[in-house]
Amino acid sequence: MTAPASETTQPAIELKGISKAFGPVQANKDISIRVMPGTIHGIIGENGAGKSTLMSILYGFYKADAGEIFINGEKTQINDSQDAIAAGIGMVFQHFKLVENFSVVENIILGAEEGASLRPSISKARKSLKQLAEEYEMHVDPDALIEHLSVGHQQRVEILKALYREANILILDEPTGVLTPAEADHLFRILDNLRREGKTIILITHKLREIMEITDTVSVMRRGQMTATVKTAETSPEELAELMVGRKVLLRVDKKPATPGDVVLSVKDLKVVDDKGVERVKGISFDIRRGEILGLAGVAGNGQSELMHVLGGIMDGTGEITMLGAELPLSGKGSDGAARRAASIGNVPEDRQREGLIMEFTAWENTVFGYHRDPQWQKGPLMDNAAIQKEAAAKMERFDVRPPDPNLKAKSFSGGNQQKVVLAREIERNPDLLLVGQPTRGVDIGAIEFIHQEIVRLRDAGKAILLVSVELDEIMSLSDRIAVMFDGQIMGFRDPNETDERELGLLMAGISGEPATEDFKAVEENMAAVEQGEAPKHG
Amino acid sequence: MDRMPVWADVVLIPLISLLLAAVLSAVAIWAIGENPWEAFSLMVDGALMRSSGWGYTLYYATNFIFTGLAVSVAFHAKLFNIGGEGQAVIGSLGVALCCLFIPWPHWTLALLGSTLGAALFGALWALIPAYLQAARGSHIVITTIMFNFIAAAFLNYVLVNLLRPVGAMEPASATFPDATHLPTFRDIFAGGEGVLFRGAPANVTFFVALAACVLVWLLIWRTKLGYEIRSQGNSESGAKYAGISPFRIIIVAMLISGALSGLMGINVTQGEAERLILNSAEGAGFIGIAVALMGRNHPVGVLLASILFGFLYQGGAELAMWTSIPRELIVVIQALVILFTGAMDNIVRWPLERVFMALRKEG
């Protein structure tokens, strides 16, 4: 909470009156912040609030239209990332910028090589890596290839890269999006160590919990403006959410206890092999009943996507799936997406931009995507576009899609509104089983509330729902029953009321049963062993 | 948000690109010591100011409409069909077989028959690369371009060994029977007597091409199949999600594309030459790529771009005839038009987008 004693009272970073417009869109408007050295400053805001633009200006990717940047009290011109690095700023992007088939140490020196021969820089890097690792609890094998590292370790390499370049100010953009709870905890311990050493950290996130957990001060952005900067100790998640969205938000999902009925979908010994010949789903079995949400927790890349793809008719599998008593083929004829829809399975895919929507199509064209063969949309040999447009307008109104213009292309909508278009299409078909993958990934807080309510409403109408999410909070608050997947297998089922994040986190890391000790260090070592071993990587 | 209004995208950009191409062409003509203004007037005069000029311009345009539509349809499924030339050659063979071996009572029926023949032959020629792409992943650009060479060699063989009349020296088929003669523009608009469209090869096939434009528009934007083709073209993973079979779309889109290329054979073989000759596609298969690029894969754009290229073809022929400007320079001008309207689109687009964004900011 309190900054360590520092000689100076100068802020490490001070932005004064930063403005940036992209055409008619004002991405940043007159933004000022002061971040004191040795503190962690959170920047929170919905998608499109202007967080990333602001940080890109600080890192020299964009040039601000107006405003000034002061580093350690000195006015600094940052025209490109070289200037930023020279000013002691390091950035860890959401999508890592590592060379996959280079070793850790090669990645560290990339762009900071000294002289034509690599040998001296490599041995220098090796030495300082060792030192950094001990100082900050960041152990990574310097000779491991990036592609063999887990996501958490790759992120560590990104941070080390910045530290190697003697960064004093570290910007992290949504760093926990791809991490397990345990990895995220470890990251926060690293950040804490860095803070103790006097480094200044800016953490961009949309997760309120992380802000509350680690930051000293927090700024809230909304529609390009900085709406508030407060001390973390003096605020609450509810207040921050309200500042972000501009109205009161329900953070918990409001739902009645489930009343499960007959079995809708029964999966027996399902196996999936991907097109590289790797077995992704290794024989799993489960049932879903009417009026029940089964949440599938797990770190991305442990077979959830493949499971959803097989159920949605996008991939082939082996085993047995029974829908309302009828067996569905898992390969060949009658196993495609059209057949699954005919069997009353709705599908909100994990990747809405690559699967759920055609981004170049208008919203109205997208409202029948997958259902475009239905007789009700045909008029003789042609499609009944007028009827589709009318239906689209009605659906967009019911699901509060903004802007409510059916003629806009899907790519022009924000993530949340794109998701609403997909949900409107799938839910309004009233399927007996709805597959929902990452329903709120990249979706604003305001829309999350709405999407969760719609999913619960469908459950209460007596439908079965299979939910896949990497957000543990979402799984815990929405599900009536939780299954944890690890390495293509279900590690166990849990009742959300009788479990906690730690237990689920262990299952997600492939450790079943009760841990021998509550000591978190031991758990962490277990995790590390798993990561080093056969932990599947996504991508 | 769209960066600029639609009209600027579809009208302003092609116009500015054309203007740039014209300016550079003028420089090229000036550089070889000719007067660009005179050359340009001669082209306009020869291609557009007289009905016979129009008769040639529209004759060439007919070819380009078919091949341009063919490229467009395939492109909506994200398939780059470079094989228009070969498909047109084989389509011409279909036309020739129809005309030579079926005794047609009237040209209307003959046209119907040769339309079917041309489409069928063209489609079948596209089927093999399509299957190889869909089932084996062999890249369609490579296979279609190779099939152009196979088609040319095959036609050569057929003409020399099978269709050449006994005793003839030329690798060409016999002349088609009179009943298969398609009315030319002169027959239609001047009753075969007056000066209107005298000597020009434009014929009734032009109207088939116009009908093809309408049908392609309906297919792509109004039918279930077109919806699926566009889905597949934009996102294959999306198509799979929706239960659209990529295999089926690749095959069907290429069959349609091949059929459209094949239809070009009617214009050249039955409409103009009235016999099957070597090189019956006249390079129009390749021009079709430029036409589709310039026409933004939309039938209206393809129609306008085809007329432009028809004008360049005919105007170029006039230049070669009346001036000492070598025929090769016409190819240079055509290349510049393709370069600016297709490949270097962004050179015009970026500054223009900036202008529109600045305007919007003030407004």
# chains A, B, ... in the order shown; residues from 1 in each chain; ligands from 1
$ closest_atom_pairs --of "chain B" --to "chain A" --cutoff "12 Å" --atoms "only C-alpha atoms" --output "tab-separated table"
residue	atom	partner	partner_atom	distance
B:Met1	CA	A:Ser412	CA	5.7
B:Asp2	CA	A:Ser412	CA	8.1
B:Arg3	CA	A:Gly23	CA	8.5
B:Met4	CA	A:Gly23	CA	10.8
B:His76	CA	A:Glu360	CA	11.8
B:Leu215	CA	A:Leu382	CA	11.5
B:Trp217	CA	A:Leu382	CA	11.6
B:Leu218	CA	A:Leu382	CA	7.9
B:Leu219	CA	A:Leu382	CA	8.3
B:Ile220	CA	A:Leu382	CA	10.4
B:Trp221	CA	A:Met383	CA	8.9
B:Arg222	CA	A:Leu382	CA	5.5
B:Thr223	CA	A:Leu382	CA	4.6
B:Lys224	CA	A:Met383	CA	6.1
B:Leu225	CA	A:Leu382	CA	9.3
B:Gly226	CA	A:Leu382	CA	9.7
B:Tyr227	CA	A:His372	CA	8.3
B:Glu228	CA	A:His372	CA	8.8
B:Ile229	CA	A:Ile358	CA	11.9
B:Arg230	CA	A:Phe361	CA	8.8
B:Ser231	CA	A:Ile358	CA	6.6
B:Gln232	CA	A:Ile358	CA	9.2
B:Gly233	CA	A:Ile358	CA	9.7
B:Asn234	CA	A:Ile358	CA	6.6
B:Ser235	CA	A:Arg354	CA	6.5
B:Glu236	CA	A:Glu355	CA	8.3
B:Ser237	CA	A:Glu355	CA	5.5
B:Gly238	CA	A:Glu355	CA	3.8
B:Ala239	CA	A:Glu355	CA	7.4
B:Lys240	CA	A:Ile314	CA	5.9
B:Tyr241	CA	A:Ile314	CA	5.7
B:Ala242	CA	A:Gly370	CA	4.0
B:Gly243	CA	A:Gly337	CA	3.8
B:Ile244	CA	A:Ala338	CA	7.5
B:Ser245	CA	A:Asp336	CA	8.2
B:Pro246	CA	A:Asp336	CA	11.4
B:Glu353	CA	A:Gly23	CA	9.9
B:Arg354	CA	A:Gly23	CA	8.5
B:Val355	CA	A:Gly23	CA	10.3
B:Phe356	CA	A:Gly23	CA	9.1
B:Met357	CA	A:Gly23	CA	5.3
B:Ala358	CA	A:Gly23	CA	7.0
B:Leu359	CA	A:Gly23	CA	9.4
B:Arg360	CA	A:Pro24	CA	6.9
B:Lys361	CA	A:Pro24	CA	5.4
B:Glu362	CA	A:Pro24	CA	9.0
B:Gly363	CA	A:Pro24	CA	9.7
$ select_by_dssp --residues "segment 136-298 of chain B" --states "strand (DSSP E or B)" --output "list in words"
Ala172, Thr184, Asn203 and Ile277 of chain B
$ residues_around --residues "segment 99-104 of chain B" --least-positions-apart "5" --cutoff "12 Å" --atoms "only C-alpha atoms" --output "number ranges by chain"
B: 92-94, 109-118, 163-165, 173-182, 265-266, 269-271, 274-276
$ closest_residue --among "A:Gln453, A:Thr229, A:Thr217, A:Ser469" --to "Ala297 of chain A" --atoms "only C-alpha atoms"
A:Ser469
$ residues_around --residues "segment 7-23 of chain B" --least-positions-apart "3" --cutoff "12 Å" --atoms "only C-alpha atoms" --output "PyMOL selection string"
chain B and resi 2-4+26-30+36-37+39-40+291+293-298+300-302+304-305+308-309+312+330+332-353+355-356
$ residues_around --residues "Leu303 of chain B" --least-positions-apart "3" --cutoff "8 Å" --atoms "only C-alpha atoms" --output "list in words"
Ala61, Ile65, Cys213, Gly295, Pro299, Val300, Ser306 and Ile307 of chain B
$ closest_residue --among "B:Ala70, B:Ala273, B:Leu97, B:Ile251" --to "Gln133 of chain B" --atoms "only C-alpha atoms"
B:Ile251
$ atom_distance --atom1 "atom CA of Arg402 of chain A" --atom2 "atom CA of Ile448 of chain A"
14.3 Å
$ decode --residues "segment 185-287 of chain A" --atoms "C-alpha atoms" --output "PDB file, in the first residue's frame"
ATOM      1  CA  ASP A 185      -0.711 -15.969  -8.116  1.00  0.00           C
ATOM      2  CA  HIS A 186       2.913 -16.548  -8.960  1.00  0.00           C
ATOM      3  CA  LEU A 187       2.887 -13.604 -11.342  1.00  0.00           C
ATOM      4  CA  PHE A 188       1.507 -11.403  -8.586  1.00  0.00           C
ATOM      5  CA  ARG A 189       4.268 -12.517  -6.257  1.00  0.00           C
ATOM      6  CA  ILE A 190       6.793 -11.540  -8.930  1.00  0.00           C
ATOM      7  CA  LEU A 191       5.144  -8.164  -9.312  1.00  0.00           C
ATOM      8  CA  ASP A 192       5.217  -7.723  -5.567  1.00  0.00           C
ATOM      9  CA  ASN A 193       8.960  -8.449  -5.533  1.00  0.00           C
ATOM     10  CA  LEU A 194       9.521  -5.972  -8.316  1.00  0.00           C
ATOM     11  CA  ARG A 195       7.597  -3.332  -6.407  1.00  0.00           C
ATOM     12  CA  ARG A 196       9.711  -3.962  -3.370  1.00  0.00           C
ATOM     13  CA  GLU A 197      12.827  -3.345  -5.471  1.00  0.00           C
ATOM     14  CA  GLY A 198      11.462   0.042  -6.420  1.00  0.00           C
ATOM     15  CA  LYS A 199      10.157  -0.766  -9.900  1.00  0.00           C
ATOM     16  CA  THR A 200       7.030   0.974 -11.073  1.00  0.00           C
ATOM     17  CA  ILE A 201       4.332  -1.176 -12.588  1.00  0.00           C
ATOM     18  CA  ILE A 202       1.280  -0.319 -14.621  1.00  0.00           C
ATOM     19  CA  LEU A 203      -1.227  -3.137 -14.796  1.00  0.00           C
ATOM     20  CA  ILE A 204      -3.950  -2.991 -17.425  1.00  0.00           C
ATOM     21  CA  THR A 205      -6.814  -5.335 -16.761  1.00  0.00           C
ATOM     22  CA  HIS A 206     -10.558  -5.676 -16.829  1.00  0.00           C
ATOM     23  CA  LYS A 207     -10.591  -7.998 -13.803  1.00  0.00           C
ATOM     24  CA  LEU A 208     -11.662  -6.199 -10.661  1.00  0.00           C
ATOM     25  CA  ARG A 209     -10.301  -8.932  -8.414  1.00  0.00           C
ATOM     26  CA  GLU A 210      -6.755  -8.417  -9.645  1.00  0.00           C
ATOM     27  CA  ILE A 211      -6.966  -4.684  -9.129  1.00  0.00           C
ATOM     28  CA  MET A 212      -8.109  -5.187  -5.564  1.00  0.00           C
ATOM     29  CA  GLU A 213      -5.454  -7.795  -4.908  1.00  0.00           C
ATOM     30  CA  ILE A 214      -2.258  -6.194  -6.099  1.00  0.00           C
ATOM     31  CA  THR A 215      -2.494  -2.494  -6.955  1.00  0.00           C
ATOM     32  CA  ASP A 216      -1.777   0.545  -4.794  1.00  0.00           C
ATOM     33  CA  THR A 217      -3.728   3.007  -6.868  1.00  0.00           C
ATOM     34  CA  VAL A 218      -6.184   2.532  -9.687  1.00  0.00           C
ATOM     35  CA  SER A 219      -7.432   4.677 -12.550  1.00  0.00           C
ATOM     36  CA  VAL A 220     -10.738   3.971 -14.226  1.00  0.00           C
ATOM     37  CA  MET A 221     -11.223   4.740 -17.896  1.00  0.00           C
ATOM     38  CA  ARG A 222     -14.509   5.087 -19.678  1.00  0.00           C
ATOM     39  CA  ARG A 223     -15.016   6.135 -23.307  1.00  0.00           C
ATOM     40  CA  GLY A 224     -11.542   7.586 -23.658  1.00  0.00           C
ATOM     41  CA  GLN A 225     -11.680   9.569 -20.474  1.00  0.00           C
ATOM     42  CA  MET A 226     -10.176   9.014 -17.083  1.00  0.00           C
ATOM     43  CA  THR A 227     -13.214   8.989 -14.823  1.00  0.00           C
ATOM     44  CA  ALA A 228     -11.431   8.516 -11.526  1.00  0.00           C
ATOM     45  CA  THR A 229      -8.128   7.755  -9.868  1.00  0.00           C
ATOM     46  CA  VAL A 230      -8.413   6.335  -6.361  1.00  0.00           C
ATOM     47  CA  LYS A 231      -6.363   4.543  -3.741  1.00  0.00           C
ATOM     48  CA  THR A 232      -7.182   0.840  -3.966  1.00  0.00           C
ATOM     49  CA  ALA A 233      -7.516   0.567  -0.215  1.00  0.00           C
ATOM     50  CA  GLU A 234     -10.258   3.150  -0.257  1.00  0.00           C
ATOM     51  CA  THR A 235     -12.481   1.629  -2.916  1.00  0.00           C
ATOM     52  CA  SER A 236     -14.502  -1.521  -3.549  1.00  0.00           C
ATOM     53  CA  PRO A 237     -15.162  -3.719  -6.583  1.00  0.00           C
ATOM     54  CA  GLU A 238     -18.730  -2.472  -6.726  1.00  0.00           C
ATOM     55  CA  GLU A 239     -17.629   1.139  -6.834  1.00  0.00           C
ATOM     56  CA  LEU A 240     -15.037   0.424  -9.551  1.00  0.00           C
ATOM     57  CA  ALA A 241     -17.561  -1.466 -11.648  1.00  0.00           C
ATOM     58  CA  GLU A 242     -19.954   1.419 -11.398  1.00  0.00           C
ATOM     59  CA  LEU A 243     -17.233   3.872 -12.400  1.00  0.00           C
ATOM     60  CA  MET A 244     -16.340   1.688 -15.388  1.00  0.00           C
ATOM     61  CA  VAL A 245     -19.812   1.185 -16.733  1.00  0.00           C
ATOM     62  CA  GLY A 246     -21.438   4.367 -15.550  1.00  0.00           C
ATOM     63  CA  ARG A 247     -24.283   2.619 -13.749  1.00  0.00           C
ATOM     64  CA  LYS A 248     -24.816   0.111 -10.974  1.00  0.00           C
ATOM     65  CA  VAL A 249     -23.771  -3.400 -11.979  1.00  0.00           C
ATOM     66  CA  LEU A 250     -24.712  -6.742 -10.516  1.00  0.00           C
ATOM     67  CA  LEU A 251     -21.408  -8.569 -10.068  1.00  0.00           C
ATOM     68  CA  ARG A 252     -22.871 -11.827  -8.801  1.00  0.00           C
ATOM     69  CA  VAL A 253     -25.163 -13.883 -10.982  1.00  0.00           C
ATOM     70  CA  ASP A 254     -28.652 -13.827  -9.573  1.00  0.00           C
ATOM     71  CA  LYS A 255     -30.089 -17.324  -9.922  1.00  0.00           C
ATOM     72  CA  LYS A 256     -32.314 -19.794  -8.152  1.00  0.00           C
ATOM     73  CA  PRO A 257     -31.063 -23.288  -7.276  1.00  0.00           C
ATOM     74  CA  ALA A 258     -31.256 -25.678 -10.212  1.00  0.00           C
ATOM     75  CA  THR A 259     -33.974 -28.288 -10.510  1.00  0.00           C
ATOM     76  CA  PRO A 260     -32.417 -30.821 -12.879  1.00  0.00           C
ATOM     77  CA  GLY A 261     -34.822 -33.005 -14.877  1.00  0.00           C
ATOM     78  CA  ASP A 262     -34.309 -35.739 -17.487  1.00  0.00           C
ATOM     79  CA  VAL A 263     -30.986 -36.354 -19.144  1.00  0.00           C
ATOM     80  CA  VAL A 264     -30.686 -34.344 -22.353  1.00  0.00           C
ATOM     81  CA  LEU A 265     -27.176 -35.190 -23.477  1.00  0.00           C
ATOM     82  CA  SER A 266     -25.208 -38.251 -22.530  1.00  0.00           C
ATOM     83  CA  VAL A 267     -21.557 -38.568 -23.497  1.00  0.00           C
ATOM     84  CA  LYS A 268     -19.777 -41.892 -23.147  1.00  0.00           C
ATOM     85  CA  ASP A 269     -16.071 -42.535 -23.574  1.00  0.00           C
ATOM     86  CA  LEU A 270     -15.600 -39.714 -26.069  1.00  0.00           C
ATOM     87  CA  LYS A 271     -12.211 -39.503 -27.734  1.00  0.00           C
ATOM     88  CA  VAL A 272     -10.978 -36.867 -30.152  1.00  0.00           C
ATOM     89  CA  VAL A 273      -7.813 -36.913 -32.201  1.00  0.00           C
ATOM     90  CA  ASP A 274      -6.877 -33.638 -33.888  1.00  0.00           C
ATOM     91  CA  ASP A 275      -5.555 -33.314 -37.417  1.00  0.00           C
ATOM     92  CA  LYS A 276      -1.949 -33.514 -36.175  1.00  0.00           C
ATOM     93  CA  GLY A 277      -2.718 -36.949 -34.756  1.00  0.00           C
ATOM     94  CA  VAL A 278      -2.614 -35.826 -31.116  1.00  0.00           C
ATOM     95  CA  GLU A 279      -5.294 -37.242 -28.864  1.00  0.00           C
ATOM     96  CA  ARG A 280      -6.955 -34.181 -27.373  1.00  0.00           C
ATOM     97  CA  VAL A 281      -9.902 -35.756 -25.578  1.00  0.00           C
ATOM     98  CA  LYS A 282      -9.020 -39.040 -23.906  1.00  0.00           C
ATOM     99  CA  GLY A 283     -12.243 -40.842 -23.215  1.00  0.00           C
ATOM    100  CA  ILE A 284     -14.604 -38.682 -21.200  1.00  0.00           C
ATOM    101  CA  SER A 285     -18.157 -39.381 -20.042  1.00  0.00           C
ATOM    102  CA  PHE A 286     -20.817 -37.143 -18.532  1.00  0.00           C
ATOM    103  CA  ASP A 287     -24.548 -36.366 -18.595  1.00  0.00           C
TER     104      ASP A 287
END
